[in-house]
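What follows is protein.cif (mmCIF, C-alpha atoms).
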data_data
loop_
_atom_site.label_atom_id
_atom_site.label_comp_id
_atom_site.auth_asym_id
_atom_site.auth_seq_id
_atom_site.Cartn_x
_atom_site.Cartn_y
_atom_site.Cartn_z
CA MET A 1 1.74 29.90 -9.74
CA ILE A 2 3.01 27.71 -6.93
CA LYS A 3 2.50 29.55 -3.65
CA TYR A 4 2.52 32.99 -5.12
CA LEU A 5 -0.61 34.27 -3.63
CA CYS A 6 -0.04 32.66 -4.97
CA LEU A 7 -0.80 33.87 -2.26
CA ILE A 8 -6.63 50.36 -3.96
CA ALA A 9 -6.16 57.51 -1.99
CA ILE A 10 -3.99 59.20 0.14
CA ILE A 11 -3.64 61.97 -2.39
CA VAL A 12 -5.95 63.59 -4.90
CA LEU A 13 -4.33 61.75 -7.83
CA THR A 14 -4.99 58.34 -6.37
CA ALA A 15 -8.60 59.16 -5.54
CA CYS A 16 -9.07 59.13 -9.30
CA SER A 17 -6.75 56.17 -9.92
CA SER A 18 -8.36 53.92 -7.31
CA PRO A 19 -10.62 51.22 -8.76
CA ALA A 20 -13.42 52.49 -6.58
CA GLY A 21 -12.67 56.16 -6.93
CA LYS A 22 -13.49 56.28 -3.21
CA LYS A 23 -12.51 58.91 -0.71
CA LYS A 24 -10.42 57.73 2.17
CA GLN A 25 -11.73 57.73 5.71
CA GLN A 26 -9.24 60.46 6.54
CA SER A 27 -7.43 62.80 4.19
CA ASP A 28 -3.88 63.97 4.50
CA ALA A 29 -3.20 64.80 0.86
CA ASP A 30 -1.46 67.96 1.99
CA THR A 31 1.11 66.08 4.07
CA PRO A 32 4.40 67.16 2.43
CA GLU A 33 5.98 63.71 2.32
CA LEU A 34 2.90 62.15 0.70
CA SER A 35 1.50 64.89 -1.50
CA ASP A 36 4.18 64.53 -4.18
CA ILE A 37 3.62 60.82 -4.84
CA LYS A 38 3.04 60.12 -8.53
CA VAL A 39 2.70 56.32 -8.53
CA PRO A 40 -0.29 54.76 -6.73
CA VAL A 41 0.89 51.72 -4.78
CA TYR A 42 -1.05 48.79 -3.35
CA ALA A 43 0.27 45.85 -1.37
CA TRP A 44 -0.66 42.22 -0.88
CA LEU A 45 -0.52 41.49 2.83
CA GLY A 46 -1.52 38.57 5.06
CA GLY A 47 -2.42 38.33 8.72
CA PRO A 48 -3.28 39.14 11.41
CA GLY A 49 -2.02 36.08 13.27
CA LYS A 50 -1.50 37.02 16.91
CA ALA A 51 -0.91 40.71 16.22
CA THR A 52 -2.63 43.13 18.57
CA ASP A 53 -4.71 46.04 17.32
CA GLN A 54 -1.87 48.41 18.22
CA GLU A 55 0.66 46.32 16.29
CA ILE A 56 -1.60 46.28 13.25
CA LEU A 57 -2.17 50.03 13.56
CA ASP A 58 1.58 50.70 13.80
CA ASN A 59 2.28 48.50 10.75
CA PHE A 60 -0.47 50.09 8.66
CA THR A 61 0.64 53.59 9.65
CA ASP A 62 4.18 52.77 8.60
CA LEU A 63 3.02 51.41 5.24
CA LYS A 64 0.90 54.47 4.59
CA ASN A 65 3.77 56.78 5.48
CA LYS A 66 5.94 54.88 3.01
CA GLY A 67 3.46 55.67 0.21
CA ILE A 68 1.10 52.70 0.09
CA ILE A 69 -2.53 53.67 -0.53
CA GLY A 70 -4.39 50.40 -0.12
CA LEU A 71 -4.14 46.81 1.06
CA LEU A 72 -5.19 43.55 -0.54
CA TYR A 73 -5.47 41.69 2.74
CA ASN A 74 -5.66 37.94 3.22
CA GLY A 75 -7.08 36.99 6.60
CA GLY A 76 -8.92 33.72 5.99
CA HIS A 77 -12.68 33.30 5.73
CA ASP A 78 -13.93 34.82 9.00
CA PRO A 79 -15.81 38.09 8.36
CA LEU A 80 -14.96 39.28 11.87
CA THR A 81 -11.26 39.33 10.94
CA TYR A 82 -11.92 41.66 8.03
CA LYS A 83 -14.23 43.81 10.14
CA ARG A 84 -11.51 44.22 12.76
CA VAL A 85 -8.54 44.75 10.44
CA GLY A 86 -10.51 46.78 7.90
CA GLY A 87 -11.57 49.16 10.64
CA ILE A 88 -7.93 49.76 11.56
CA ALA A 89 -7.00 50.27 7.91
CA HIS A 90 -9.72 52.91 7.57
CA GLU A 91 -8.54 54.59 10.76
CA VAL A 92 -5.15 55.03 9.10
CA GLY A 93 -6.68 56.08 5.80
CA LEU A 94 -5.92 53.00 3.71
CA GLU A 95 -8.23 51.39 1.20
CA PHE A 96 -9.00 47.85 2.30
CA GLN A 97 -9.87 44.92 0.03
CA SER A 98 -10.32 41.39 1.30
CA TRP A 99 -7.94 39.13 -0.61
CA ILE A 100 -9.40 35.61 -0.63
CA PRO A 101 -8.49 32.60 -2.82
CA THR A 102 -11.35 31.47 -5.03
CA MET A 103 -10.95 28.10 -6.75
CA ILE A 104 -8.40 26.73 -4.27
CA GLN A 105 -10.12 25.57 -1.11
CA GLY A 106 -8.94 23.19 1.58
CA LYS A 107 -11.08 20.85 3.64
CA ASN A 108 -14.44 22.38 4.40
CA PRO A 109 -17.66 20.64 5.51
CA LYS A 110 -19.52 22.77 2.94
CA LEU A 111 -17.41 21.32 0.11
CA PRO A 112 -17.70 17.56 -0.46
CA PRO A 113 -14.85 15.89 -2.38
CA GLU A 114 -16.93 15.47 -5.55
CA LEU A 115 -16.88 19.25 -6.07
CA TYR A 116 -13.14 19.27 -6.73
CA ALA A 117 -11.59 19.23 -10.21
CA PHE A 118 -10.33 16.09 -11.97
CA ASN A 119 -7.32 15.93 -14.26
CA GLY A 120 -6.98 14.17 -17.61
CA LEU A 121 -5.99 10.94 -15.87
CA GLY A 122 -9.19 10.95 -13.81
CA GLU A 123 -7.41 11.93 -10.60
CA SER A 124 -9.08 14.33 -8.18
CA ALA A 125 -7.43 17.53 -6.96
CA TRP A 126 -8.99 16.67 -3.61
CA ASP A 127 -6.74 13.72 -2.82
CA LYS A 128 -4.08 13.90 -5.56
CA PRO A 129 -3.45 17.58 -6.30
CA ALA A 130 -0.88 18.72 -8.83
CA TYR A 131 2.50 20.02 -7.68
CA ALA A 132 1.71 20.70 -4.01
CA ASP A 133 -0.74 19.47 -1.39
CA TYR A 134 -2.58 22.80 -1.13
CA TYR A 135 -3.38 22.78 -4.88
CA LYS A 136 -6.89 21.53 -4.19
CA PHE A 137 -8.86 23.23 -6.96
CA LEU A 138 -12.64 23.23 -7.16
CA CYS A 139 -14.53 22.49 -10.36
CA PRO A 140 -15.92 25.76 -11.77
CA SER A 141 -18.76 24.04 -13.63
CA ARG A 142 -20.55 23.02 -10.44
CA GLU A 143 -23.35 25.27 -9.20
CA GLU A 144 -22.63 24.23 -5.62
CA VAL A 145 -19.15 25.73 -5.98
CA TYR A 146 -20.51 29.07 -7.09
CA LEU A 147 -23.06 29.14 -4.26
CA PHE A 148 -20.28 28.47 -1.74
CA LEU A 149 -18.22 31.34 -3.15
CA GLU A 150 -21.21 33.67 -3.33
CA GLU A 151 -21.90 33.15 0.36
CA LEU A 152 -18.22 33.50 1.29
CA TYR A 153 -17.60 36.74 -0.58
CA GLY A 154 -21.06 38.17 -0.08
CA GLN A 155 -20.99 38.22 3.72
CA ILE A 156 -17.57 39.91 3.68
CA ALA A 157 -18.54 42.41 0.97
CA ASP A 158 -21.48 43.44 3.16
CA LEU A 159 -19.12 44.72 5.87
CA GLU A 160 -18.80 48.49 6.19
CA GLU A 161 -15.11 48.11 6.96
CA VAL A 162 -14.40 46.40 3.62
CA ASP A 163 -14.00 48.45 0.43
CA GLY A 164 -13.91 45.51 -1.93
CA ILE A 165 -13.21 41.87 -2.70
CA HIS A 166 -9.93 40.80 -4.29
CA LEU A 167 -10.09 37.43 -6.02
CA ASP A 168 -7.06 35.14 -6.20
CA TYR A 169 -6.57 31.69 -7.70
CA ILE A 170 -9.53 32.45 -9.94
CA ARG A 171 -8.36 29.94 -12.51
CA PHE A 172 -7.50 26.33 -13.26
CA PRO A 173 -4.27 24.70 -12.07
CA ASP A 174 -1.20 25.52 -14.16
CA VAL A 175 -1.30 23.11 -17.11
CA ILE A 176 2.23 24.34 -17.80
CA LEU A 177 4.32 25.87 -15.04
CA ALA A 178 6.25 29.07 -15.56
CA ARG A 179 9.72 28.18 -16.87
CA GLY A 180 11.47 29.25 -13.69
CA LEU A 181 9.61 26.58 -11.71
CA TRP A 182 10.48 23.56 -13.85
CA ASP A 183 13.68 22.71 -11.99
CA LYS A 184 12.03 23.09 -8.60
CA TYR A 185 9.53 20.37 -9.44
CA GLY A 186 11.86 18.29 -11.62
CA LEU A 187 9.68 18.75 -14.70
CA VAL A 188 10.05 19.52 -18.37
CA MET A 189 6.74 21.06 -19.40
CA ASP A 190 7.14 21.28 -23.14
CA ARG A 191 3.47 20.53 -23.75
CA GLU A 192 0.18 19.98 -21.92
CA TYR A 193 0.31 16.73 -19.95
CA PRO A 194 -2.92 15.07 -18.75
CA GLN A 195 -1.92 14.89 -15.08
CA TYR A 196 -1.82 18.71 -14.96
CA ASP A 197 -4.79 19.37 -17.26
CA TYR A 198 -8.18 20.12 -15.62
CA CYS A 199 -11.15 19.59 -15.44
CA TYR A 200 -12.27 16.23 -16.78
CA CYS A 201 -14.96 15.44 -14.23
CA ASP A 202 -18.16 13.85 -15.54
CA HIS A 203 -20.05 17.14 -15.27
CA CYS A 204 -17.52 19.11 -17.36
CA VAL A 205 -17.13 16.36 -19.95
CA GLU A 206 -20.86 15.86 -20.39
CA GLU A 207 -21.68 19.56 -20.48
CA PHE A 208 -18.96 20.21 -23.05
CA GLN A 209 -20.22 17.34 -25.21
CA GLU A 210 -23.75 18.75 -25.10
CA GLN A 211 -22.44 22.12 -26.25
CA SER A 212 -19.94 21.01 -28.86
CA GLY A 213 -20.75 17.42 -29.80
CA ILE A 214 -17.18 16.46 -28.83
CA ASP A 215 -16.38 13.69 -26.37
CA ILE A 216 -13.16 15.19 -25.06
CA ARG A 217 -12.12 11.95 -23.38
CA SER A 218 -11.93 10.26 -26.77
CA VAL A 219 -9.70 12.94 -28.31
CA GLU A 220 -6.07 11.96 -28.75
CA ASP A 221 -4.71 15.41 -27.91
CA PRO A 222 -7.23 17.66 -26.10
CA ALA A 223 -4.75 20.56 -26.29
CA GLU A 224 -5.54 20.79 -30.00
CA VAL A 225 -9.25 21.35 -29.42
CA GLU A 226 -9.86 25.10 -29.31
CA GLU A 227 -13.49 24.64 -28.27
CA TRP A 228 -12.33 22.77 -25.18
CA LYS A 229 -10.00 25.61 -24.21
CA GLN A 230 -12.77 28.17 -24.75
CA TYR A 231 -15.20 26.12 -22.69
CA ARG A 232 -12.84 26.34 -19.72
CA TYR A 233 -12.06 30.02 -20.23
CA ASP A 234 -15.81 30.61 -20.16
CA LEU A 235 -16.33 28.60 -16.97
CA ILE A 236 -13.98 30.89 -15.07
CA THR A 237 -15.40 34.00 -16.72
CA GLU A 238 -18.93 33.02 -15.73
CA ILE A 239 -17.99 32.62 -12.07
CA VAL A 240 -16.22 35.98 -12.12
CA GLU A 241 -19.23 37.72 -13.64
CA ARG A 242 -21.63 36.23 -11.13
CA LEU A 243 -19.40 37.19 -8.21
CA ASN A 244 -19.00 40.62 -9.77
CA LYS A 245 -22.77 41.07 -9.67
CA ARG A 246 -23.03 39.91 -6.05
CA VAL A 247 -20.22 42.15 -4.77
CA HIS A 248 -21.53 45.18 -6.65
CA GLU A 249 -24.92 44.62 -5.04
CA SER A 250 -23.16 45.35 -1.75
CA GLY A 251 -21.89 48.62 -3.20
CA LYS A 252 -18.30 47.41 -3.16
CA ILE A 253 -15.61 46.99 -5.80
CA ILE A 254 -14.23 43.67 -7.02
CA THR A 255 -10.73 43.12 -8.40
CA ALA A 256 -8.48 40.14 -9.09
CA ALA A 257 -4.89 38.94 -9.06
CA VAL A 258 -4.29 37.46 -12.50
CA PHE A 259 -1.47 35.90 -14.48
CA PRO A 260 0.42 38.12 -16.92
CA GLY A 261 -0.89 38.67 -20.40
CA PRO A 262 -3.61 37.63 -20.85
CA ASN A 263 -2.73 36.10 -24.21
CA SER A 264 0.96 35.40 -23.74
CA VAL A 265 0.66 33.65 -20.36
CA ALA A 266 -2.69 33.62 -18.53
CA LYS A 267 -4.79 31.95 -21.21
CA LYS A 268 -2.10 29.45 -22.11
CA ILE A 269 -1.20 28.11 -18.71
CA VAL A 270 -4.14 28.73 -16.34
CA ARG A 271 -7.17 29.27 -18.66
CA GLN A 272 -7.68 32.91 -17.61
CA GLU A 273 -9.25 35.06 -20.32
CA TRP A 274 -9.32 37.98 -17.92
CA ASN A 275 -9.64 40.73 -20.51
CA LYS A 276 -13.29 39.62 -20.77
CA TRP A 277 -13.95 40.06 -17.06
CA ASN A 278 -16.00 43.09 -16.04
CA LEU A 279 -14.04 43.83 -12.87
CA ASP A 280 -13.14 47.21 -11.40
CA ALA A 281 -9.37 46.71 -11.66
CA PHE A 282 -6.78 44.05 -12.49
CA PHE A 283 -3.56 43.12 -10.70
CA PRO A 284 -1.42 40.98 -13.02
CA MET A 285 1.35 39.20 -11.16
CA ASN A 286 4.21 40.35 -13.37
CA TYR A 287 6.77 38.29 -11.50
CA ASN A 288 9.58 38.28 -14.04
CA ASP A 289 11.88 35.88 -12.23
CA PHE A 290 9.31 33.10 -12.47
CA TYR A 291 9.54 33.41 -16.25
CA LEU A 292 13.33 33.85 -16.34
CA GLU A 293 12.85 37.36 -17.68
CA ASP A 294 14.23 40.79 -16.85
CA THR A 295 12.45 44.05 -16.08
CA ASP A 296 11.91 44.83 -19.78
CA TRP A 297 9.46 41.94 -19.81
CA VAL A 298 7.46 43.61 -17.02
CA GLY A 299 6.88 46.48 -19.41
CA GLN A 300 5.95 44.16 -22.27
CA VAL A 301 3.27 42.27 -20.35
CA THR A 302 1.98 45.48 -18.79
CA ARG A 303 1.49 46.91 -22.26
CA GLU A 304 -0.16 43.69 -23.37
CA GLY A 305 -2.62 43.80 -20.49
CA VAL A 306 -3.48 47.48 -20.89
CA THR A 307 -4.05 46.92 -24.62
CA ALA A 308 -6.19 43.82 -24.03
CA LEU A 309 -8.40 45.87 -21.70
CA ASN A 310 -8.57 48.73 -24.22
CA ASN A 311 -7.62 51.04 -21.35
CA SER A 312 -11.15 50.51 -20.00
CA LYS A 313 -10.10 49.50 -16.47
CA PRO A 314 -7.05 50.29 -14.33
CA LEU A 315 -4.25 47.75 -14.28
CA TYR A 316 -1.81 47.62 -11.36
CA SER A 317 1.46 45.85 -12.10
CA GLY A 318 2.27 43.26 -9.45
CA LEU A 319 5.97 43.20 -8.53
CA PHE A 320 7.68 40.30 -6.73
CA ILE A 321 10.33 41.44 -4.27
CA CYS A 322 13.51 39.54 -3.37
CA PRO A 323 13.61 39.30 0.46
CA LYS A 324 17.34 38.57 0.73
CA PRO A 325 19.13 40.28 -2.14
CA GLU A 326 22.59 39.44 -0.82
CA ILE A 327 22.04 35.69 -1.23
CA LYS A 328 19.59 35.61 -4.16
CA SER A 329 22.09 33.82 -6.42
CA GLN A 330 22.42 31.05 -3.83
CA GLN A 331 18.68 30.43 -3.57
CA VAL A 332 17.47 27.36 -5.45
CA ASP A 333 13.78 28.01 -4.86
CA PRO A 334 12.54 30.74 -7.24
CA GLU A 335 10.04 31.81 -4.61
CA ASN A 336 13.05 33.28 -2.78
CA HIS A 337 14.00 35.25 -5.89
CA GLY A 338 12.42 38.52 -7.05
CA LEU A 339 13.41 42.09 -7.78
CA LEU A 340 16.67 43.31 -6.32
CA PRO A 341 16.79 46.90 -5.03
CA GLU A 342 18.69 47.98 -8.13
CA GLU A 343 15.96 46.44 -10.34
CA LEU A 344 12.96 47.91 -8.54
CA GLU A 345 13.08 51.37 -10.12
CA ASP A 346 13.31 49.84 -13.59
CA ALA A 347 10.33 47.58 -12.89
CA ILE A 348 8.25 50.54 -11.68
CA ARG A 349 9.32 52.62 -14.70
CA GLU A 350 8.52 49.82 -17.14
CA SER A 351 5.10 49.37 -15.55
CA MET A 352 4.16 53.05 -15.60
CA GLU A 353 5.60 53.91 -19.01
CA ASN A 354 3.60 51.05 -20.51
CA GLY A 355 0.27 52.22 -19.15
CA ALA A 356 -0.15 50.80 -15.63
CA ALA A 357 -2.31 52.84 -13.27
CA GLY A 358 0.11 51.96 -10.48
CA ILE A 359 1.92 49.02 -8.92
CA CYS A 360 1.32 46.40 -6.24
CA LEU A 361 4.00 44.93 -3.99
CA PHE A 362 4.38 41.29 -3.13
CA THR A 363 5.01 41.94 -0.36
CA PRO A 364 5.98 44.86 1.92
CA GLY A 365 7.48 42.35 4.31
CA ARG A 366 9.97 41.27 1.63
CA MET A 367 11.20 44.84 1.11
CA THR A 368 14.66 45.61 2.52
CA GLU A 369 15.84 49.07 3.54
CA ALA A 370 17.62 49.28 0.20
CA HIS A 371 14.36 48.51 -1.58
CA TRP A 372 12.52 51.22 0.36
CA GLU A 373 15.18 53.81 -0.51
CA VAL A 374 14.76 53.10 -4.23
CA PHE A 375 10.98 52.91 -3.86
CA GLU A 376 10.72 56.30 -2.12
CA LYS A 377 12.38 58.02 -5.07
CA ALA A 378 10.66 56.02 -7.82
CA ILE A 379 7.08 56.63 -6.67
CA ARG A 380 7.74 60.38 -6.73
CA THR A 381 8.87 60.30 -10.34
CA GLU A 382 6.55 61.54 -13.09
CA PHE A 383 6.56 58.77 -15.71
CA THR A 384 5.22 59.35 -19.23
CA ILE A 385 3.45 56.61 -21.12
CA LYS A 386 5.40 55.55 -24.19
#
Encoded form (structure tokens):
Amino acid sequence: MIKYLCLIAIIVLTACSSPAGKKKQQSDADTPELSDIKVPVYAWLGGPGKATDQEILDNFTDLKNKGIIGLLYNGGHDPLTYKRVGGIAHEVGLEFQSWIPTMIQGKNPKLPPELYAFNGLGESAWDKPAYADYYKFLCPSREEVYLFLEELYGQIADLEEVDGIHLDYIRFPDVILARGLWDKYGLVMDREYPQYDYCYCDHCVEEFQEQSGIDIRSVEDPAEVEEWKQYRYDLITEIVERLNKRVHESGKIITAAVFPGPNSVAKKIVRQEWNKWNLDAFFPMNYNDFYLEDTDWVGQVTREGVTALNNSKPLYSGLFICPKPEIKSQQVDPENHGLLPEELEDAIRESMENGAAGICLFTPGRMTEAHWEVFEKAIRTEFTIK
């Protein structure tokens, strides 16, 4: 979804709920204010910018004291950043996963333009990306792309200070945007349009024809060809499985931010068949406002995801927070929308009662004092799965 990076214990319970099942660097499970937490909570967080070590330490300590058990941290590509920040996270007792976009990559001397995806009109995501300039998606059929990603994630997974790798943008561009984004981009996306449909590069087209006997460029409506959809699901799945193997070789966990579903949303709009991925945990971005839905929908897609995984792996329900509740109704851009304080408890309840292992906040920095007050009570509530 546009710009929603879009953009896993402190207590005994979360040691079991964590994707890694790892022990924290320091234990304070007996701390009164933390020992009664019932809902494991992760957070997507970016940085460090110009923050000093002390500023990072203070921020992480505050987050931990609020009940957060682990960070999915986006700090670019430099391993030294994750070594530094991960060390501070471990000092506090937080789990630390490096949150790094996968298929979206900006200009990089290791990535020539021909490795980027092409849409149904033959336009490259390199110089004519869909929706926004940063939507420069790589082609997942190219071996060079996988080797780039393997090197990127591998050197970070090898760091002692990193507990795992968190994949993001592990997908194709949105062939259909979430309904709440149509007005922002002045679009009516009532079907799959070729300018938003990827990838039609020579390599993908030729490989698919070898496998299926179908020349997809000669098909009147490619959206009707189920084999073509499956081919692209499988391209993403193959990259995930190969990265999964590489990260596990480092003894670390690997997780991913995914679209809701998978069947109702993820497969349909971004070609993510994530229930087939052998990851350690899943973080569906159940951002209801983007779909013009209420908190009941959060429960519905949580249940869908848990069922699709056959309860085999933990699923953490991603919740999108409204940063300025008092003016939400005046905000045109849906990226300024999100859960109001009075909706947050319902969203947490819907997630947990429908089988989530916990929740994940996007982002702590968007939480107001009113949000934190609701949050403090909700994460100490014992929810029963329906």
Discussion item. Under the rule that only C-alpha atoms are counted, which of A:Asn354, A:Glu207, A:Leu361, A:Gln97 is the nearest residue to A:Ile253?
Written reply: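 Nearest to A:Ile253: A:Gln97.
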Discussion item. Just the number, please: distance in Å from atom CA of A:Arg232 to atom CA of A:His77, one decimal.
Written reply: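 Those two atoms sit 26.4 Å apart.
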Item to complete: For A:Val92, work out the shell of residues within 7 Å, counting only C-alpha atoms and skipping chain neighbours fewer than 4 positions away, then give it as a VMD selection string.
Response: chain A and resid 60 to 61 88
Discussion item. Could you tell me how far atom CA of A:Leu315 sits from atom CA of A:Phe282, in Å to one decimal place?
Written reply: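 Pair atom CA of A:Phe282 / atom CA of A:Leu315 returns 4.8 Å.
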Discussion item. Using only C-alpha atoms, can you tell me which of A:Leu243, A:Val188, A:Ile269, A:Leu57 comes closest to A:Glu91?
Written reply: A:Leu57
Item to complete: Using the chain letters and residue numbers of this document, give as JSON, numbers by chain the residues selected by the PyMOL selection byres ((chain A and resi 110) around 12).
Response: {"A": [105, 106, 107, 108, 109, 111, 112, 113, 114, 115, 144, 145, 146, 147, 148, 149, 151, 152]}
Worksheet item: To one decimal place, how far is atom CA of A:Tyr116 from atom CA of A:Cys199 in Å?
Response: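 We find that atom CA of A:Tyr116 and atom CA of A:Cys199 lie 8.9 Å from each other.
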Practice prompt. Starting from the displayed file, determine the output of the PyMOL selection byres ((chain A and resi 306) around 12) and express the residue list as number ranges by chain.
Written response: A: 260-263, 274-275, 281-284, 299-305, 307-317, 351-358, 385
Worksheet entry | Given the PyMOL selection byres ((chain A and resi 158) around 12), the residues it picks as a list in words |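 Applying the PyMOL selection byres ((chain A and resi 158) around 12) to the structure shown produces Pro79, Leu80, Tyr82, Lys83, Ser98, Glu150, Glu151, Leu152, Tyr153, Gly154, Gln155, Ile156, Ala157, Leu159, Glu160, Glu161, Val162, Asp163, Gly164, Ile165, Arg246, Val247, His248, Glu249, Ser250, Gly251, Lys252 and Ile253 of chain A.
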Item to complete: Name the closest residue to A:Val258 among the candidates A:Asn286, A:Thr295, A:Asn278, A:Ser212; distances are taken between atoms, counting only C-alpha atoms.
Response: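 The closest residue to A:Val258 is A:Asn286.
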